[in-house]
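Trainee: Sharing a structure, written as structure tokens. Questions coming.
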Amino acid sequence: MRADPDSIAAIATPAGAGGVGVLRVSGPAAPAIARTLLGFMPQPRHAHYAAFLGADGAPIERGLALYFAAPASYTGEAVLELHAHGSPVVLDLLLRRVLELGARHARPGEFTERAFLNGKLDLAQAEAVADLIAARSESAARAAQRALAGAFSQRVHGLVAALTALRVQVEAAIDFADEELELLGDPALAAGLATVRDAVALLIADARHGVRLARGARAVLIGRPNTGKSSLLNALAGEDRAIVTATPGTTRDALHVELVIDGVGVELIDTAGLRDSADAIEQEGVRRARAALARCDLAVLVSETAHVEADLALLDGLPGGADALVVVNKCDLLADPAARVETRAGRTWLHLSARTGAGLDELRAELARHAGAGSEEHAFTARQRHVEALQQAASALAAAAAALAAQRSPELIAEDLRQAAQTLGTITGAVSADDLLGAIFAGFCIGK
Ligand code: GDP
């Protein structure tokens, strides 16, 4: 066991009005704490209805006690869970009693961190626990469940195993120099490497999708002032979140609304009109708009028929991986006010009206599609760090393929393959640095 030997305790689920509060204790002191607190040794994996005793032997509360013997528990340590009804005050009394009996306060995420350190979960699965807790849409919750069940980790393990097989062959060429040409020239080696590279590329796309599902896709509304960005945001949000006026430059700040469309999360960000402005506050707004654009998954250009062609230039220089939609607003002012959707140069154009609501359902559907709706059946949640690790692995594999094609030394090829495998290992935590672990588990809430 690599976890530290302290026993930890925390209120895992605070009691709401009429709800159940759960106090969780994990560590080597859990059995003794259970015996003292209950007055008997609970049977593992059995629900006991019992009194939870105070220092004076009088019950603090009565409720259900569940005991798990190590290593068959969430953390891999002995775990005691007390399910109490009643108030937060009672839970607090119980927590204090458990602390007196030798546990200490758990840090945020420490139960899950121990589960990871004891090999119950790998790192990507532990992160999925946090994603599940934080899920704001049904799709995000389902995708987090899949990641927790290992859907993502298994694909990473599969890649590492395939890389190991390739390394064995390349390293054989190092050991048996007279067979080097034959071993490295084997078409199965190049083909195997190509297969792994394809699988990594596919996993990058799926992981990106998983990042969007987990945190909601970030869609940024851009366009020159007065095209109706705030009106559109209000119409989508169904309430007046942004101030709408006929004076250009009213939206000086980025405004956010979080929407759930077709079960997927979309964060919609309204920005100050992108134009050069002499006004200092507005300039700050424009700066924020550019910053929001740099971090978005989807840019929604909001324009009008008269100047949409000129406005397309605003979509130049989008960050890599970001998609774009073109909204031609105010169709109610045209001779033919009907909303319509078309594809131009590979981009979706929506002619609609924020004022009348015509075409808004089509826009909602487009937003949901970009956020991952409809393709989430096998999706799993992922994080930006996973995408970056996969991208690094892809570069190392590209270098390996180039070295192989150029008949460079097997040492170089082996090193690239080793690096790719090591980078993939950071996703599941097979290779991990302490500061990375600290950063990941600090993002959890206490008691999880
Ligand atoms: P922003 O500067 O891009 O955020 O634009 P606003 O949302 O503040 O809208 C600017 C002006 O255009 C306001 O007077 C809105 O009422 C008007 N407007 C917005 N959408 C529409 C629309 O679909 N049709 C018409 N006719 N006017 C609109």
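Residues are referred to by chain and number: the chain letter is A, B, ... according to the order shown in the structure tokens, the number counts from 1 in that chain, and ligands are numbered separately from 1 in the order shown.
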Which neighbours of A:Gly429 fall inside 8 Å, counting only C-alpha atoms, when residues of the same chain fewer than 2 positions from it are skipped, and could you give them as a PyMOL selection string?
Mentor: chain A and resi 122-124+425-427+431-432
Trainee: Hey, what's within 10 Å of A:Gln391 if we count only C-alpha atoms and toss same-chain stuff fewer than 4 positions away? As JSON, numbers by chain, please?
Mentor: {"A": [200, 201, 203, 204, 385, 386, 387, 395, 396, 397, 420, 423, 424]}
Trainee: At what distance in Å, to one decimal, does atom CA of A:Ala147 lie from atom CA of A:His46?
Mentor: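 Atom CA of A:Ala147 lies 28.7 Å from atom CA of A:His46.
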Trainee: Return the single residue from A:Leu232, A:Leu166, A:Ile440, A:Cys445 that is closest to ligand 1, with distances computed using only C-alpha atoms and all ligand atoms.
Mentor: A:Leu232
Trainee: Enumerate as a ChimeraX atom specification all residues of stretch 1-132 of chain A assigned to strand (DSSP E or B) by DSSP on the backbone, naming them with the chain letters and numbers the document uses.
Mentor: /A:7-13,21-26,44,48-53,59-68,79-84,103-105
Trainee: Write out, as a JSON list (two decimals), in the first residue's frame, the residues just selected, with C-alpha atoms.
Mentor:
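The result, stored in out.json:
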```
[["chain", "number", "residue", "atom", "x", "y", "z"],
["A", 7, "SER", "CA", -6.96, 7.24, 8.94],
["A", 8, "ILE", "CA", -9.12, 9.91, 7.41],
["A", 9, "ALA", "CA", -12.70, 10.98, 8.00],
["A", 10, "ALA", "CA", -15.11, 13.35, 6.31],
["A", 11, "ILE", "CA", -18.78, 13.99, 5.86],
["A", 12, "ALA", "CA", -19.28, 12.56, 2.39],
["A", 13, "THR", "CA", -22.89, 13.64, 1.92],
["A", 21, "GLY", "CA", -25.95, 12.34, 5.73],
["A", 22, "VAL", "CA", -23.01, 10.02, 5.26],
["A", 23, "LEU", "CA", -19.82, 10.06, 7.29],
["A", 24, "ARG", "CA", -16.96, 8.09, 5.82],
["A", 25, "VAL", "CA", -13.83, 6.85, 7.60],
["A", 26, "SER", "CA", -10.95, 5.12, 5.82],
["A", 44, "PRO", "CA", -18.19, -6.54, 6.52],
["A", 48, "HIS", "CA", -26.31, -2.79, 10.67],
["A", 49, "TYR", "CA", -28.94, -0.57, 12.21],
["A", 50, "ALA", "CA", -27.15, 0.60, 15.33],
["A", 51, "ALA", "CA", -26.55, 3.34, 17.85],
["A", 52, "PHE", "CA", -23.49, 5.55, 17.22],
["A", 53, "LEU", "CA", -22.04, 6.08, 20.69],
["A", 59, "PRO", "CA", -25.96, 7.37, 21.59],
["A", 60, "ILE", "CA", -25.24, 10.47, 19.50],
["A", 61, "GLU", "CA", -27.47, 9.12, 16.75],
["A", 62, "ARG", "CA", -28.90, 5.90, 15.38],
["A", 63, "GLY", "CA", -28.52, 4.89, 11.80],
["A", 64, "LEU", "CA", -26.99, 2.44, 9.38],
["A", 65, "ALA", "CA", -23.37, 1.37, 9.71],
["A", 66, "LEU", "CA", -21.58, -0.24, 6.78],
["A", 67, "TYR", "CA", -18.14, -1.72, 7.21],
["A", 68, "PHE", "CA", -15.74, -2.81, 4.46],
["A", 79, "VAL", "CA", -13.76, 1.72, 5.50],
["A", 80, "LEU", "CA", -16.60, 2.59, 7.87],
["A", 81, "GLU", "CA", -19.64, 4.44, 6.59],
["A", 82, "LEU", "CA", -22.27, 5.82, 8.89],
["A", 83, "HIS", "CA", -25.60, 6.78, 7.36],
["A", 84, "ALA", "CA", -27.35, 9.15, 9.69],
["A", 103, "ALA", "CA", -8.90, 9.80, 12.40],
["A", 104, "ARG", "CA", -7.95, 13.13, 10.87],
["A", 105, "HIS", "CA", -9.89, 15.39, 8.48]]
```
Trainee: Hey, can you check how far atom 18 (N, counted along the ligand's line) of ligand 1 sits from atom CA of A:Arg224?
Mentor: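 For atom 18 (N, counted along the ligand's line) of ligand 1 relative to atom CA of A:Arg224, the distance reads 12.8 Å.
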